[in-house]
Amino acid sequence: MKRPPAVVSKLPDVQPQRCSWVNVGHELMREYHDREWGVPTHDDRTHFEFLILEAAQAGLSWSIVLKKREGYRRAFSQFDVHKVARYSEARIDKLMSDPGIIRNRLKIAAAIKNARAFLAVQEEFASFDAYCWKFVEGRPRQNRWSSPRQVPATSAESDALSHDLKRRGFSFVGSTVIYAHMQAVGMVNDHLIDCFRYRDVRRLGSAVK
């Protein structure tokens with residue numbers, strides 16, 4: 001007797017609990033949240049990348065920036081600060097016609113200006129990383145938010161870092177932009193406590209010396 005084919009039931013794809021700002025259907029956003037956001041980094045190229053990207057986001061959504069991230073890598077020499085610092089007005093004109101990035105002349109010019117200021121910070125402190133992490137005394141701020149309404153847009157630390165960056169000649173580094181930078185590079189853990197990444201990121205932060 002021939003048996004009927006087995007019926008394979010498909011269980012729904014159960015997603016882990018994430019921070020509420022994540023659109024799970026947006027792959028780049030989901031991957032960014034799950035792999036990068038809040039993880040302590042001490043790489044100067046990564047710091048420079050996020051300074052450019054966070055400034056580019058000003059007035060826009062982060063999803064737009066993530067979609068153009070590869071375009072920024074290509075346009076800004078893989079975020080090599082020494083190369084970007086040498087960009088000329090002619091290079092700015094060329095970038096203004098590049099659809100792979102946000103074509104805002106002020107933001108493009110600020111990225112180049114910031115590259116030069118970034119190099120000056122590296123020369124003074126040996127690394128940009130050593131400079132910025134001193135604003136949180138070398139260890140991530142571990143928050144315990146249960147609601148997205150509790151997550152601040154700025155902090156006393158971002159105010160202080162923003163003020164000092166402006167004094168050093170950086171542009172597009174208001175406290176809100178800098179707080180977003182601090183979140184991105186793990187200087188602060190703002191994952192909600194019910195997010196599956198909260199404990200992992202907290203553990204990584206505790207390991208920072």
# chains A, B, ... in the order shown; residues from 1 in each chain; ligands from 1
$ closest_atom_pairs --of "range 3-83 of chain A" --to "range 92-97 of chain A" --cutoff "10 Å" --atoms "only C-alpha atoms" --output "JSON lines"
{"residue": "A:Tyr72", "atom": "CA", "partner": "A:Leu95", "partner_atom": "CA", "distance": 10.0}
{"residue": "A:Ala75", "atom": "CA", "partner": "A:Leu95", "partner_atom": "CA", "distance": 7.1}
{"residue": "A:Phe76", "atom": "CA", "partner": "A:Leu95", "partner_atom": "CA", "distance": 9.2}
$ write_last_selection --atoms "C-alpha atoms" --output "CSV table (one decimal), in the first residue's frame"
chain,number,residue,atom,x,y,z
A,72,TYR,CA,30.2,55.9,1.4
A,75,ALA,CA,33.4,57.4,-2.1
A,76,PHE,CA,35.5,58.0,1.0
$ closest_residue --among "A:Asn104, A:Trp145, A:Glu36, A:Ala180" --to "Ile193 in chain A" --atoms "only C-alpha atoms"
A:Trp145
$ atom_distance --atom1 "CA of Ala156 in chain A" --atom2 "CA of Ile52 in chain A"
22.2 Å
$ residues_around --residues "Phe196 in chain A" --least-positions-apart "3" --cutoff "10 Å" --atoms "only C-alpha atoms" --output "list in words"
Pro16, Gln17, Arg18, Cys19, Asp34, His191, Leu192, Ile193, Arg199, Asp200 and Val201 of chain A
$ write_last_selection --atoms "C-alpha atoms" --output "PDB file, in the first residue's frame"
ATOM      1  CA  PRO A  16      14.123  37.357  18.953  1.00  0.00           C
ATOM      2  CA  GLN A  17      13.046  40.422  20.890  1.00  0.00           C
ATOM      3  CA  ARG A  18      14.843  43.503  19.589  1.00  0.00           C
ATOM      4  CA  CYS A  19      14.920  47.210  20.344  1.00  0.00           C
ATOM      5  CA  ASP A  34      22.332  42.513  15.915  1.00  0.00           C
ATOM      6  CA  HIS A 191      19.724  48.323  24.146  1.00  0.00           C
ATOM      7  CA  LEU A 192      16.417  47.901  25.968  1.00  0.00           C
ATOM      8  CA  ILE A 193      16.603  45.345  28.776  1.00  0.00           C
ATOM      9  CA  ARG A 199      23.094  41.044  28.046  1.00  0.00           C
ATOM     10  CA  ASP A 200      25.660  40.273  25.342  1.00  0.00           C
ATOM     11  CA  VAL A 201      26.547  43.933  24.880  1.00  0.00           C
TER      12      VAL A 201
END
$ select_by_dssp --residues "range 5-206 of chain A" --states "strand (DSSP E)" --output "count of residues only"
4
$ residues_around --residues "Phe135 in chain A" --least-positions-apart "2" --cutoff "8 Å" --atoms "only C-alpha atoms" --output "list in words"
Tyr131, Cys132, Trp133, Glu137, Gly138, Glu157, Ala160 and Leu161 of chain A
$ write_last_selection --atoms "all heavy atoms" --output "short mmCIF file (atom, residue, chain, number, x, y, z; two decimals), in the first residue's frame"
data_model
loop_
_atom_site.label_atom_id
_atom_site.label_comp_id
_atom_site.auth_asym_id
_atom_site.auth_seq_id
_atom_site.Cartn_x
_atom_site.Cartn_y
_atom_site.Cartn_z
N TYR A 131 41.22 59.38 22.84
CA TYR A 131 40.65 60.70 23.13
C TYR A 131 39.18 60.60 23.53
O TYR A 131 38.77 61.11 24.58
CB TYR A 131 40.82 61.60 21.91
CG TYR A 131 39.88 62.79 21.88
CD1 TYR A 131 40.08 63.89 22.71
CD2 TYR A 131 38.77 62.79 21.02
CE1 TYR A 131 39.21 64.97 22.68
CE2 TYR A 131 37.91 63.87 20.99
CZ TYR A 131 38.12 64.96 21.82
OH TYR A 131 37.25 66.03 21.81
N CYS A 132 38.36 59.95 22.70
CA CYS A 132 36.92 60.00 22.96
C CYS A 132 36.49 59.13 24.14
O CYS A 132 35.57 59.50 24.88
CB CYS A 132 36.12 59.67 21.70
SG CYS A 132 36.23 57.98 21.15
N TRP A 133 37.17 58.00 24.35
CA TRP A 133 36.76 57.14 25.45
C TRP A 133 37.04 57.74 26.83
O TRP A 133 36.46 57.33 27.83
CB TRP A 133 37.42 55.76 25.33
CG TRP A 133 36.63 54.83 24.46
CD1 TRP A 133 36.71 54.69 23.10
CD2 TRP A 133 35.62 53.91 24.89
NE1 TRP A 133 35.83 53.74 22.66
CE2 TRP A 133 35.15 53.24 23.73
CE3 TRP A 133 35.09 53.58 26.13
CZ2 TRP A 133 34.15 52.26 23.78
CZ3 TRP A 133 34.10 52.61 26.19
CH2 TRP A 133 33.64 51.96 25.03
N GLU A 137 35.39 57.76 30.89
CA GLU A 137 36.39 57.18 31.79
C GLU A 137 36.79 55.77 31.35
O GLU A 137 37.11 54.91 32.18
CB GLU A 137 35.87 57.18 33.24
CG GLU A 137 35.58 58.58 33.74
CD GLU A 137 34.98 58.60 35.14
OE1 GLU A 137 34.42 57.56 35.56
OE2 GLU A 137 35.08 59.64 35.80
N GLY A 138 36.76 55.55 30.05
CA GLY A 138 37.27 54.30 29.50
C GLY A 138 36.33 53.10 29.57
O GLY A 138 36.68 52.01 29.12
N GLU A 157 27.81 63.48 28.94
CA GLU A 157 29.04 63.09 28.26
C GLU A 157 29.04 63.51 26.79
O GLU A 157 30.05 63.99 26.27
CB GLU A 157 29.25 61.58 28.36
CG GLU A 157 29.53 61.06 29.76
CD GLU A 157 28.26 60.77 30.56
OE1 GLU A 157 27.16 61.04 30.05
OE2 GLU A 157 28.38 60.29 31.70
N ALA A 160 29.66 67.22 26.58
CA ALA A 160 31.06 67.57 26.80
C ALA A 160 31.92 67.22 25.58
O ALA A 160 32.76 68.01 25.14
CB ALA A 160 31.60 66.87 28.03
N LEU A 161 31.70 66.02 25.02
CA LEU A 161 32.48 65.60 23.85
C LEU A 161 32.15 66.47 22.64
O LEU A 161 33.05 66.89 21.91
CB LEU A 161 32.19 64.12 23.56
CG LEU A 161 32.89 63.50 22.35
CD1 LEU A 161 34.39 63.75 22.37
CD2 LEU A 161 32.59 62.00 22.28
#
$ atom_distance --atom1 "CA of Ala117 in chain A" --atom2 "CA of Ile64 in chain A"
26.4 Å
$ residues_around --residues "Ala110 in chain A" --least-positions-apart "3" --cutoff "10 Å" --atoms "only C-alpha atoms" --output "list in words"
Ile52, Ala55, Ala56, Asn104, Arg105, Leu106, Lys107, Lys113, Asn114, Ala115, Arg116, Gly169, Phe170, Ser171, Phe172 and Val173 of chain A
$ atom_distance --atom1 "CA of Tyr179 in chain A" --atom2 "CA of Asp159 in chain A"
8.3 Å
$ closest_residue --among "A:Arg45, A:Ala120, A:Ser146, A:Leu60" --to "Cys195 in chain A" --atoms "only C-alpha atoms"
A:Ser146
